[in-house]
$ cat start_19.csv   # CSV, C-alpha atoms
chain,number,residue,atom,x,y,z
A,1,MET,CA,116.9,11.6,-181.5
A,2,ARG,CA,118.8,8.7,-182.8
A,3,ILE,CA,116.7,5.5,-183.3
A,4,VAL,CA,117.3,1.9,-184.1
A,5,PHE,CA,114.2,0.3,-185.7
A,6,MET,CA,113.5,-3.4,-185.3
A,7,GLY,CA,110.6,-5.0,-187.3
A,8,THR,CA,109.9,-7.6,-190.0
A,9,PRO,CA,106.5,-7.9,-191.6
A,10,ASP,CA,104.1,-5.6,-193.5
A,11,PHE,CA,102.6,-4.5,-190.3
A,12,ALA,CA,105.9,-2.8,-189.3
A,13,VAL,CA,106.5,-1.0,-192.7
A,14,PRO,CA,104.2,2.0,-192.1
A,15,CYS,CA,105.9,2.6,-188.7
A,16,LEU,CA,109.4,2.7,-190.2
A,17,ARG,CA,108.1,5.0,-193.0
A,18,GLN,CA,106.5,7.3,-190.4
A,19,VAL,CA,109.7,7.5,-188.3
A,20,LEU,CA,111.6,8.5,-191.4
A,21,GLU,CA,108.9,11.0,-192.5
A,22,ASP,CA,109.0,12.6,-189.0
A,23,GLY,CA,112.7,13.3,-189.5
A,24,TYR,CA,114.3,11.2,-186.9
A,25,GLU,CA,117.7,9.8,-187.5
A,26,VAL,CA,117.5,6.0,-188.1
A,27,ALA,CA,121.0,4.6,-187.3
A,28,GLY,CA,120.1,1.1,-188.4
A,29,VAL,CA,117.3,-1.4,-189.0
A,30,PHE,CA,117.2,-4.9,-187.5
A,31,THR,CA,114.9,-7.5,-189.2
A,32,GLN,CA,114.6,-11.2,-189.5
A,33,PRO,CA,116.8,-13.2,-192.0
A,34,ASP,CA,115.6,-13.6,-195.5
A,35,LYS,CA,113.4,-16.7,-195.9
A,36,PRO,CA,112.6,-19.1,-198.9
A,37,LYS,CA,109.1,-18.6,-200.3
A,38,GLY,CA,106.9,-20.1,-202.9
A,39,ARG,CA,107.3,-23.4,-204.8
A,40,SER,CA,110.7,-22.4,-206.0
A,41,PHE,CA,111.8,-21.5,-202.4
A,42,THR,CA,113.3,-18.2,-203.6
A,43,LEU,CA,115.1,-16.4,-200.8
A,44,THR,CA,112.9,-13.4,-200.1
A,45,PRO,CA,113.7,-10.4,-197.9
A,46,PRO,CA,111.2,-9.2,-195.3
A,47,PRO,CA,109.1,-6.1,-196.1
A,48,VAL,CA,110.9,-4.0,-193.6
A,49,LYS,CA,114.3,-4.8,-195.2
A,50,ILE,CA,113.0,-3.8,-198.6
A,51,LEU,CA,111.9,-0.3,-197.4
A,52,ALA,CA,115.2,0.1,-195.4
A,53,GLN,CA,117.3,-0.6,-198.5
A,54,GLU,CA,115.2,1.7,-200.6
A,55,ARG,CA,116.0,4.5,-198.1
A,56,GLY,CA,119.7,3.6,-197.9
A,57,LEU,CA,119.6,2.5,-194.2
A,58,PRO,CA,122.0,-0.1,-192.8
A,59,VAL,CA,120.3,-3.4,-192.3
A,60,TYR,CA,121.2,-6.1,-189.8
A,61,GLN,CA,119.7,-9.6,-189.8
A,62,PRO,CA,121.1,-11.6,-186.9
A,63,ALA,CA,120.0,-15.1,-186.4
A,64,THR,CA,120.1,-14.6,-182.7
A,65,LEU,CA,120.3,-11.6,-180.3
A,66,ARG,CA,121.9,-13.7,-177.6
A,67,ASP,CA,125.5,-14.4,-178.8
A,68,GLY,CA,126.8,-10.9,-178.1
A,69,GLU,CA,127.3,-9.9,-181.7
A,70,ALA,CA,124.0,-8.0,-182.0
A,71,LEU,CA,124.7,-6.2,-178.7
A,72,ALA,CA,128.1,-5.1,-180.0
A,73,VAL,CA,126.5,-3.7,-183.2
A,74,LEU,CA,123.9,-1.8,-181.1
A,75,GLN,CA,126.6,-0.4,-178.8
A,76,ARG,CA,128.4,0.9,-181.9
A,77,LEU,CA,125.2,2.4,-183.3
A,78,ALA,CA,124.5,4.0,-179.9
A,79,PRO,CA,120.8,4.7,-180.3
A,80,ASP,CA,118.9,7.0,-177.9
A,81,LEU,CA,115.8,4.8,-178.4
A,82,ILE,CA,115.0,1.4,-179.9
A,83,VAL,CA,111.6,1.1,-181.6
A,84,VAL,CA,110.3,-2.5,-182.0
A,85,VAL,CA,107.3,-3.4,-184.2
A,86,ALA,CA,106.5,-7.1,-184.9
A,87,TYR,CA,110.2,-7.9,-185.0
A,88,GLY,CA,109.7,-11.6,-184.1
A,89,LYS,CA,112.5,-12.0,-181.6
A,90,ILE,CA,112.7,-11.4,-177.8
A,91,LEU,CA,115.1,-8.8,-176.7
A,92,PRO,CA,117.5,-9.9,-174.0
A,93,LYS,CA,117.9,-7.7,-170.9
A,94,GLU,CA,121.3,-6.3,-172.0
A,95,ILE,CA,119.7,-4.9,-175.2
A,96,LEU,CA,116.6,-3.6,-173.3
A,97,ASP,CA,118.9,-1.7,-171.0
A,98,LEU,CA,121.2,-0.3,-173.7
A,99,PRO,CA,119.4,2.9,-175.0
A,100,PRO,CA,119.1,5.8,-172.6
A,101,LEU,CA,115.4,6.4,-173.4
A,102,GLY,CA,114.6,2.7,-173.4
A,103,CYS,CA,112.8,0.4,-175.9
A,104,VAL,CA,109.3,1.1,-177.2
A,105,ASN,CA,107.0,-1.4,-178.8
A,106,VAL,CA,104.0,-0.9,-181.0
A,107,HIS,CA,101.5,-3.8,-180.2
A,108,GLY,CA,98.4,-4.6,-182.2
A,109,SER,CA,95.9,-4.7,-179.4
A,110,LEU,CA,94.4,-2.6,-176.6
A,111,LEU,CA,96.7,-3.9,-173.8
A,112,PRO,CA,96.6,-5.7,-171.5
A,113,LYS,CA,94.2,-7.7,-173.7
A,114,TYR,CA,95.8,-10.0,-176.2
A,115,ARG,CA,99.4,-10.1,-175.3
A,116,GLY,CA,101.3,-12.5,-177.6
A,117,ALA,CA,101.8,-13.3,-181.2
A,118,ALA,CA,98.4,-13.0,-182.9
A,119,PRO,CA,96.4,-10.2,-181.2
A,120,ILE,CA,94.7,-8.9,-184.3
A,121,GLN,CA,93.3,-12.2,-185.4
A,122,TRP,CA,92.1,-13.2,-182.0
A,123,SER,CA,90.2,-10.0,-181.5
A,124,VAL,CA,88.2,-11.0,-184.6
A,125,ILE,CA,87.9,-14.7,-183.7
A,126,ASN,CA,86.5,-13.7,-180.3
A,127,GLY,CA,83.9,-11.3,-181.8
A,128,ASP,CA,85.3,-8.2,-180.2
A,129,PRO,CA,83.5,-4.9,-181.2
A,130,VAL,CA,86.7,-2.9,-181.1
A,131,ALA,CA,90.5,-3.4,-181.7
A,132,GLY,CA,93.4,-1.1,-181.5
A,133,VAL,CA,97.1,-0.5,-181.0
A,134,THR,CA,99.2,0.3,-177.9
A,135,THR,CA,102.7,1.8,-177.6
A,136,MET,CA,104.5,0.7,-174.5
A,137,PHE,CA,107.9,0.6,-172.8
A,138,MET,CA,109.4,-2.9,-173.2
A,139,GLY,CA,110.4,-5.1,-170.3
A,140,GLU,CA,111.5,-8.7,-170.0
A,141,GLY,CA,107.9,-10.1,-169.9
A,142,MET,CA,105.7,-10.9,-172.9
A,143,ASP,CA,104.0,-7.5,-173.7
A,144,THR,CA,103.9,-6.6,-170.0
A,145,GLY,CA,105.5,-3.2,-170.1
A,146,ASP,CA,104.1,0.1,-169.0
A,147,MET,CA,101.7,1.6,-171.6
A,148,ILE,CA,102.2,5.0,-173.2
A,149,LEU,CA,99.4,5.7,-175.8
A,150,LYS,CA,96.5,3.8,-177.2
A,151,LYS,CA,94.3,4.2,-180.3
A,152,GLU,CA,91.2,2.1,-181.0
A,153,THR,CA,88.9,1.4,-184.0
A,154,PRO,CA,85.6,-0.5,-184.4
A,155,ILE,CA,85.7,-3.9,-186.0
A,156,GLY,CA,83.3,-4.3,-188.9
A,157,PRO,CA,80.7,-7.2,-188.6
A,158,GLU,CA,82.1,-8.8,-191.7
A,159,GLU,CA,85.7,-7.6,-191.4
A,160,THR,CA,88.4,-10.3,-191.7
A,161,GLY,CA,91.7,-10.6,-189.7
A,162,GLY,CA,93.6,-9.6,-192.8
A,163,GLU,CA,91.5,-6.5,-193.4
A,164,LEU,CA,91.8,-5.4,-189.8
A,165,PHE,CA,95.6,-6.0,-190.0
A,166,ASP,CA,95.8,-3.7,-192.9
A,167,ARG,CA,93.8,-1.0,-191.1
A,168,LEU,CA,95.8,-1.3,-187.8
A,169,ALA,CA,99.2,-0.9,-189.5
A,170,PRO,CA,98.8,2.8,-190.3
A,171,LEU,CA,97.0,3.4,-187.0
A,172,GLY,CA,100.1,1.9,-185.3
A,173,ALA,CA,102.3,4.4,-187.3
A,174,GLU,CA,100.1,7.3,-186.1
A,175,CYS,CA,100.3,6.1,-182.5
A,176,LEU,CA,104.1,5.7,-182.8
A,177,SER,CA,104.5,9.2,-184.3
A,178,GLN,CA,102.6,10.7,-181.3
A,179,THR,CA,104.7,8.7,-178.9
A,180,LEU,CA,108.0,9.8,-180.4
A,181,ARG,CA,106.9,13.4,-180.1
A,182,LEU,CA,106.6,12.9,-176.4
A,183,PHE,CA,110.2,11.6,-176.2
A,184,ALA,CA,111.4,14.5,-178.4
A,185,GLN,CA,110.1,17.0,-176.0
A,186,GLY,CA,112.7,16.0,-173.5
A,187,LYS,CA,110.3,15.6,-170.6
A,188,PRO,CA,109.4,12.4,-168.7
A,189,VAL,CA,107.1,10.3,-170.9
A,190,PRO,CA,103.8,9.4,-169.1
A,191,ARG,CA,103.5,5.7,-168.4
A,192,GLN,CA,100.6,3.6,-167.1
A,193,LYS,CA,101.0,0.1,-165.6
A,194,GLN,CA,98.9,-2.7,-167.1
A,195,GLU,CA,96.2,-4.2,-165.0
A,196,GLU,CA,97.3,-7.8,-164.7
A,197,SER,CA,93.8,-9.1,-163.8
A,198,GLN,CA,92.7,-8.0,-167.3
A,199,ALA,CA,95.5,-9.6,-169.2
A,200,THR,CA,94.7,-12.2,-171.9
A,201,TYR,CA,97.0,-14.2,-174.2
A,202,ALA,CA,96.8,-14.3,-178.0
A,203,GLY,CA,98.8,-17.4,-178.9
A,204,PRO,CA,100.1,-18.3,-182.4
A,205,LEU,CA,97.7,-19.5,-185.0
A,206,SER,CA,98.0,-22.8,-186.8
A,207,ARG,CA,95.9,-24.6,-189.5
A,208,GLU,CA,94.2,-26.5,-186.6
A,209,THR,CA,92.9,-23.2,-185.3
A,210,GLY,CA,90.7,-22.8,-188.4
A,211,ARG,CA,89.1,-26.2,-188.3
A,212,LEU,CA,85.3,-25.7,-188.2
A,213,ASP,CA,83.4,-27.8,-185.7
A,214,LEU,CA,79.8,-27.5,-186.8
A,215,ASN,CA,78.6,-28.4,-183.3
A,216,ARG,CA,79.6,-24.9,-182.2
A,217,PRO,CA,77.3,-21.9,-182.6
A,218,ALA,CA,77.1,-20.3,-186.0
A,219,ARG,CA,78.2,-16.9,-184.8
A,220,GLU,CA,81.4,-18.4,-183.3
A,221,LEU,CA,82.2,-20.1,-186.5
A,222,HIS,CA,81.5,-17.0,-188.5
A,223,ASN,CA,83.9,-15.0,-186.3
A,224,LEU,CA,86.5,-17.8,-186.7
A,225,VAL,CA,86.3,-17.8,-190.5
A,226,ARG,CA,86.8,-14.0,-190.4
A,227,GLY,CA,89.6,-14.1,-188.0
A,228,VAL,CA,91.7,-16.8,-189.8
A,229,THR,CA,91.3,-15.2,-193.2
A,230,PRO,CA,93.6,-15.0,-195.1
A,231,TRP,CA,95.9,-17.1,-192.9
A,232,PRO,CA,95.9,-19.8,-191.7
A,233,GLY,CA,92.5,-20.2,-193.2
A,234,ALA,CA,89.2,-22.0,-192.2
A,235,SER,CA,88.3,-25.5,-193.3
A,236,LEU,CA,86.2,-28.6,-192.7
A,237,MET,CA,86.5,-32.2,-193.6
A,238,THR,CA,83.9,-33.6,-196.0
A,239,GLY,CA,84.1,-37.0,-197.7
A,240,GLY,CA,87.5,-37.5,-196.3
A,241,LYS,CA,88.9,-34.4,-198.0
A,242,LEU,CA,89.7,-30.9,-196.8
A,243,LEU,CA,87.3,-28.1,-197.9
A,244,LYS,CA,88.7,-24.6,-197.4
A,245,VAL,CA,86.1,-22.0,-196.4
A,246,LEU,CA,87.2,-18.6,-197.7
A,247,LYS,CA,84.0,-16.7,-196.8
A,248,ALA,CA,81.0,-17.3,-194.7
A,249,ARG,CA,78.0,-15.5,-193.3
A,250,LEU,CA,75.2,-16.0,-190.8
A,251,ALA,CA,72.1,-17.6,-192.2
A,252,ASP,CA,68.5,-18.5,-191.2
A,253,GLY,CA,67.5,-22.0,-190.5
A,254,THR,CA,67.6,-24.8,-188.0
A,255,GLY,CA,68.5,-28.5,-188.0
A,256,ALA,CA,70.9,-31.1,-186.7
A,257,PRO,CA,74.5,-29.7,-186.5
A,258,GLY,CA,76.2,-30.3,-189.8
A,259,GLU,CA,72.9,-30.8,-191.8
A,260,LEU,CA,72.6,-29.1,-195.2
A,261,LEU,CA,69.5,-26.9,-195.1
A,262,ARG,CA,69.4,-25.6,-198.7
A,263,GLU,CA,70.5,-26.7,-202.2
A,264,ASP,CA,70.6,-23.2,-203.8
A,265,ALA,CA,73.1,-22.0,-201.1
A,266,PHE,CA,75.6,-23.9,-199.0
A,267,VAL,CA,73.8,-23.4,-195.7
A,268,VAL,CA,74.5,-25.8,-192.9
A,269,ALA,CA,73.0,-26.0,-189.4
A,270,CYS,CA,75.3,-25.5,-186.5
A,271,GLY,CA,75.0,-26.2,-182.7
A,272,GLN,CA,73.1,-22.9,-182.6
A,273,GLY,CA,71.8,-21.2,-185.8
A,274,ALA,CA,73.1,-21.7,-189.3
A,275,LEU,CA,76.0,-20.7,-191.4
A,276,GLU,CA,76.3,-20.1,-195.2
A,277,LEU,CA,79.6,-21.1,-196.7
A,278,VAL,CA,79.7,-18.4,-199.4
A,279,THR,CA,83.0,-19.2,-201.0
A,280,VAL,CA,84.9,-22.5,-200.7
A,281,GLN,CA,87.9,-24.2,-202.2
A,282,PRO,CA,88.1,-28.0,-202.6
A,283,GLU,CA,91.5,-29.7,-202.5
A,284,GLY,CA,93.4,-29.1,-205.7
A,285,LYS,CA,90.7,-26.8,-207.1
A,286,ARG,CA,90.1,-23.1,-207.5
A,287,PRO,CA,87.8,-21.1,-205.2
A,288,MET,CA,84.1,-21.4,-206.1
A,289,GLY,CA,80.7,-20.3,-204.8
A,290,GLY,CA,79.2,-22.6,-202.2
A,291,ALA,CA,76.1,-23.3,-204.4
A,292,ASP,CA,78.4,-24.3,-207.3
A,293,TYR,CA,80.2,-26.7,-205.0
A,294,LEU,CA,76.9,-28.4,-204.0
A,295,ARG,CA,75.7,-28.7,-207.6
A,296,GLY,CA,79.0,-30.1,-208.9
A,297,ARG,CA,78.8,-32.9,-206.3
A,298,ARG,CA,75.0,-33.3,-206.4
A,299,ILE,CA,74.8,-32.9,-202.6
A,300,LYS,CA,71.2,-33.0,-201.4
A,301,ILE,CA,69.3,-31.3,-198.6
A,302,GLY,CA,69.6,-33.3,-195.4
A,303,THR,CA,73.2,-34.4,-196.1
A,304,ASN,CA,75.2,-34.1,-192.8
A,305,PHE,CA,78.7,-32.8,-193.0
A,306,ILE,CA,79.6,-34.2,-189.6
A,307,THR,CA,78.3,-37.8,-189.9
A,308,ASP,CA,78.2,-38.5,-193.6
$ encode --input "start_19.csv" --output "structure tokens"
Amino acid sequence: MRIVFMGTPDFAVPCLRQVLEDGYEVAGVFTQPDKPKGRSFTLTPPPVKILAQERGLPVYQPATLRDGEALAVLQRLAPDLIVVVAYGKILPKEILDLPPLGCVNVHGSLLPKYRGAAPIQWSVINGDPVAGVTTMFMGEGMDTGDMILKKETPIGPEETGGELFDRLAPLGAECLSQTLRLFAQGKPVPRQKQEESQATYAGPLSRETGRLDLNRPARELHNLVRGVTPWPGASLMTGGKLLKVLKARLADGTGAPGELLREDAFVVACGQGALELVTVQPEGKRPMGGADYLRGRRIKIGTNFITD
């Protein structure tokens, strides 16, 4: 079976590696263009490109899939199947219709829940007990295609979005491997339509997503901190400056929302319950323990981080 692989970030790397280990012919790899990173804006290749080059695979990095050039390349490569994993571009109909076996996507959620750009992070933010991956046939809609296989895993009570991301990547590779075996058998691949009434959307994250509103329940804020770690990160404004919250946990105590309840630990009252800010990072400073932050600024019990 001749495959073209399309993917870009770390999440897609185990899937490409698995396709190669399973012995399929990879005719080419499509990935996003190199992007500048860091303070020096050094042009950096995507993780999928690095692996592809290590394995001697042809790499294509079109800026668009809609000018006909990408289609011409794919027609020349003549894949039986296109595998897409976090590629970052929408495939136009003429590409979706090109391979005889279709286009298969590995998505980081238990569809139809969390269609869209950030399914893994939103599953943590919303306090879900389980997450997973789904392989599906691709259509013109946003993650609306017929499902093939699913694999699920519990979400730990303190697990972050980044940690779950790292666990789901190899699970996605395992699910893809099983899916490709179905195609390789030469029989019709089972497909299950998504229940539209159960569909939810997982939109892109931004720094605003991680702003902590201490009027909200502590459990919601705890899940938010977990979900946006390590990116885009959680934060709150105090004294006119941004304070990043790198780690938090639920705590005991009651008070007015935003009120500091202890001096030996950075515990603040929320709209319901209390939250301890375990590790924080002031603007222009290194990360530090919450208690160290309080001592360094001589912040007293009763200080309100909403009104003061």
$ residues_near_point --input "start_19.csv" --point "(84.8, -4.4, -180.9)" --cutoff "10 Å" --atoms "only C-alpha atoms" --output "list of chain:residue names"
A:Ser123, A:Val124, A:Asn126, A:Gly127, A:Asp128, A:Pro129, A:Val130, A:Ala131, A:Gly132, A:Glu152, A:Thr153, A:Pro154, A:Ile155, A:Gly156, A:Pro157
$ atom_distance --input "start_19.csv" --atom1 "CA of Pro188 in chain A" --atom2 "CA of Thr134 in chain A"
18.3 Å
$ closest_residue --input "start_19.csv" --among "A:Gln281, A:Leu57, A:Ala63, A:Leu51" --to "Pro33 in chain A" --atoms "only C-alpha atoms"
A:Ala63
$ closest_residue --input "start_19.csv" --among "A:Lys241, A:Arg39, A:Lys247, A:Arg219" --to "Phe305 in chain A" --atoms "all atoms listed in the file"
A:Lys241
$ closest_residue --input "start_19.csv" --among "A:Leu171, A:Leu98, A:Ala265, A:Val106" --to "Arg295 in chain A" --atoms "only C-alpha atoms"
A:Ala265
